[in-house]
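Asks: Got a structure for you, questions after.
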Amino acid sequence: MSEITIIRATNDDLKYAEAISQLIDEAAKSKNSGLAHRTPEYIREKILQGHAVIALSGDEIAGFCYIATWQNNSFISHSGLIVNPKFRGQGLATSIKRECFNLSRDKYPGAKIFGLTTSLAVMRINTALGYEPVTFSELTTDEEFWKGCETCANFDILQRTKRFNCLCTGMVYIPKK
């Protein structure tokens, strides 16, 4: 197996969008997780914006994560964190998430970084990066963010509770002033 390289995705990585979208969908089905569907077009958009981190082993996708901005760049979310099953168990998710965190801090140093997850592993990674668990009221109020939850298998819970809670845990990193 070749070495894994983790980089901020560039236009050269657009060719991986379909494979990344499929990996996200497969993980959502196999883990019965809260991962929401992301189209290849959406993945390409994130890469073109300079808002994505990709892990490659040669020409094979090892992992991926992207950022999105909300409320006039005052909130940044990390989403789509995925590791190819072939490369799991090596700490790759932590390395990808750390690079995504650094990308967020470089581009938007004053923004709160947040995420929703059902994954204990992601909660541990976030905690190590300085995130704290919060209620959903501490997250962005941007309607576009919450629309992203519509393709999640647990969306009905979010709707029923009027966006008060779900199976996901909300976590936020607040930059020190």
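Chain labels run A, B, ... following the order of the structure tokens; each chain numbers its residues from 1, and ligands are numbered from 1 in the order shown.
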Which polymer residues have any atom within 8 Å of an atom of A:His51, counting only C-alpha atoms, with same-chain residues fewer than 4 positions away left out, as a list in words?
Replies: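 Near neighbours after the sequence-gap exclusion: Arg8, Ala9, Lys46, Ile47, Tyr66, Ile67, Ala68 and Leu103 of chain A.
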Asks: Using backbone DSSP assignments, extract all strand (DSSP E) residues from chain A; output them as a PDB file with C-alpha atoms, in the first residue's frame.
Replies:
```pdb
ATOM      1  CA  ILE A   4      -1.358   8.467   2.260  1.00  0.00           C
ATOM      2  CA  THR A   5      -1.147  12.162   1.471  1.00  0.00           C
ATOM      3  CA  ILE A   6      -3.554  14.658   3.047  1.00  0.00           C
ATOM      4  CA  ILE A   7      -3.882  17.954   1.204  1.00  0.00           C
ATOM      5  CA  ARG A   8      -6.226  20.835   0.653  1.00  0.00           C
ATOM      6  CA  ALA A  52     -12.095  20.722   0.924  1.00  0.00           C
ATOM      7  CA  VAL A  53      -9.455  18.376   2.279  1.00  0.00           C
ATOM      8  CA  ILE A  54      -8.670  15.111   0.532  1.00  0.00           C
ATOM      9  CA  ALA A  55      -6.574  12.109   1.517  1.00  0.00           C
ATOM     10  CA  LEU A  56      -5.076  10.055  -1.301  1.00  0.00           C
ATOM     11  CA  SER A  57      -3.171   6.822  -1.518  1.00  0.00           C
ATOM     12  CA  GLU A  60      -7.220   6.154  -4.681  1.00  0.00           C
ATOM     13  CA  ILE A  61      -9.464   8.136  -2.343  1.00  0.00           C
ATOM     14  CA  ALA A  62      -8.530   7.410   1.257  1.00  0.00           C
ATOM     15  CA  GLY A  63     -10.690  10.127   2.829  1.00  0.00           C
ATOM     16  CA  PHE A  64     -12.353  13.503   2.535  1.00  0.00           C
ATOM     17  CA  CYS A  65     -13.919  16.372   4.479  1.00  0.00           C
ATOM     18  CA  TYR A  66     -15.163  19.854   3.553  1.00  0.00           C
ATOM     19  CA  ILE A  67     -16.097  23.143   5.179  1.00  0.00           C
ATOM     20  CA  ALA A  68     -19.094  25.396   4.627  1.00  0.00           C
ATOM     21  CA  THR A  69     -19.682  28.951   5.819  1.00  0.00           C
ATOM     22  CA  TRP A  70     -22.846  30.261   7.456  1.00  0.00           C
ATOM     23  CA  PHE A  75     -19.971  29.989  11.582  1.00  0.00           C
ATOM     24  CA  ILE A  76     -18.026  27.258   9.793  1.00  0.00           C
ATOM     25  CA  SER A  77     -19.176  23.659   9.619  1.00  0.00           C
ATOM     26  CA  HIS A  78     -17.142  20.565   8.809  1.00  0.00           C
ATOM     27  CA  SER A  79     -19.087  17.946   6.943  1.00  0.00           C
ATOM     28  CA  GLY A  80     -18.705  14.849   4.836  1.00  0.00           C
ATOM     29  CA  LEU A  81     -15.848  13.420   6.907  1.00  0.00           C
ATOM     30  CA  ILE A  82     -15.336  10.047   5.328  1.00  0.00           C
ATOM     31  CA  VAL A  83     -12.591   7.431   5.363  1.00  0.00           C
ATOM     32  CA  LYS A 112     -17.044  29.523  15.378  1.00  0.00           C
ATOM     33  CA  ILE A 113     -16.467  26.031  13.997  1.00  0.00           C
ATOM     34  CA  PHE A 114     -19.292  23.601  14.557  1.00  0.00           C
ATOM     35  CA  GLY A 115     -20.655  20.268  13.540  1.00  0.00           C
ATOM     36  CA  LEU A 116     -23.381  17.725  14.101  1.00  0.00           C
ATOM     37  CA  THR A 117     -22.490  14.080  14.488  1.00  0.00           C
ATOM     38  CA  GLU A 132     -17.471  21.461  23.296  1.00  0.00           C
ATOM     39  CA  PRO A 133     -20.917  19.836  23.118  1.00  0.00           C
ATOM     40  CA  VAL A 134     -23.752  22.374  22.913  1.00  0.00           C
ATOM     41  CA  THR A 169     -24.708  15.903  19.025  1.00  0.00           C
ATOM     42  CA  GLY A 170     -23.918  19.535  18.288  1.00  0.00           C
ATOM     43  CA  MET A 171     -20.334  20.594  18.982  1.00  0.00           C
ATOM     44  CA  VAL A 172     -18.689  24.031  18.714  1.00  0.00           C
ATOM     45  CA  TYR A 173     -15.148  25.394  18.789  1.00  0.00           C
TER      46      TYR A 173
END
```
Asks: Env of A:Asp142: 7 Å cut, atoms = only C-alpha atoms, seq-sep filter 3 positions within chain, self excluded. Answer as a count of residues only.
Replies: 4
Asks: Kindly indicate which residue among A:Ile24, A:Leu129, A:Ile174, A:Leu120 lies nearest to A:Cys100, using only C-alpha atoms for the distances.
Replies: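 Under the stated criterion, the closest residue is A:Leu129.
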Asks: Any chance you could list, as a ChimeraX atom specification, the residues in chain A that come up alpha helix (DSSP H) when DSSP is run on the backbone?
Replies: /A:17-31,40-48,92-107,120-129,143-147,155-160
Asks: Which is closer to A:Ser21 than all the others in A:Ile157, A:Thr141, A:Asn84, A:Asp59, using only C-alpha atoms?
Replies: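 The shortest atom-to-atom distance to A:Ser21 comes from A:Asn84.
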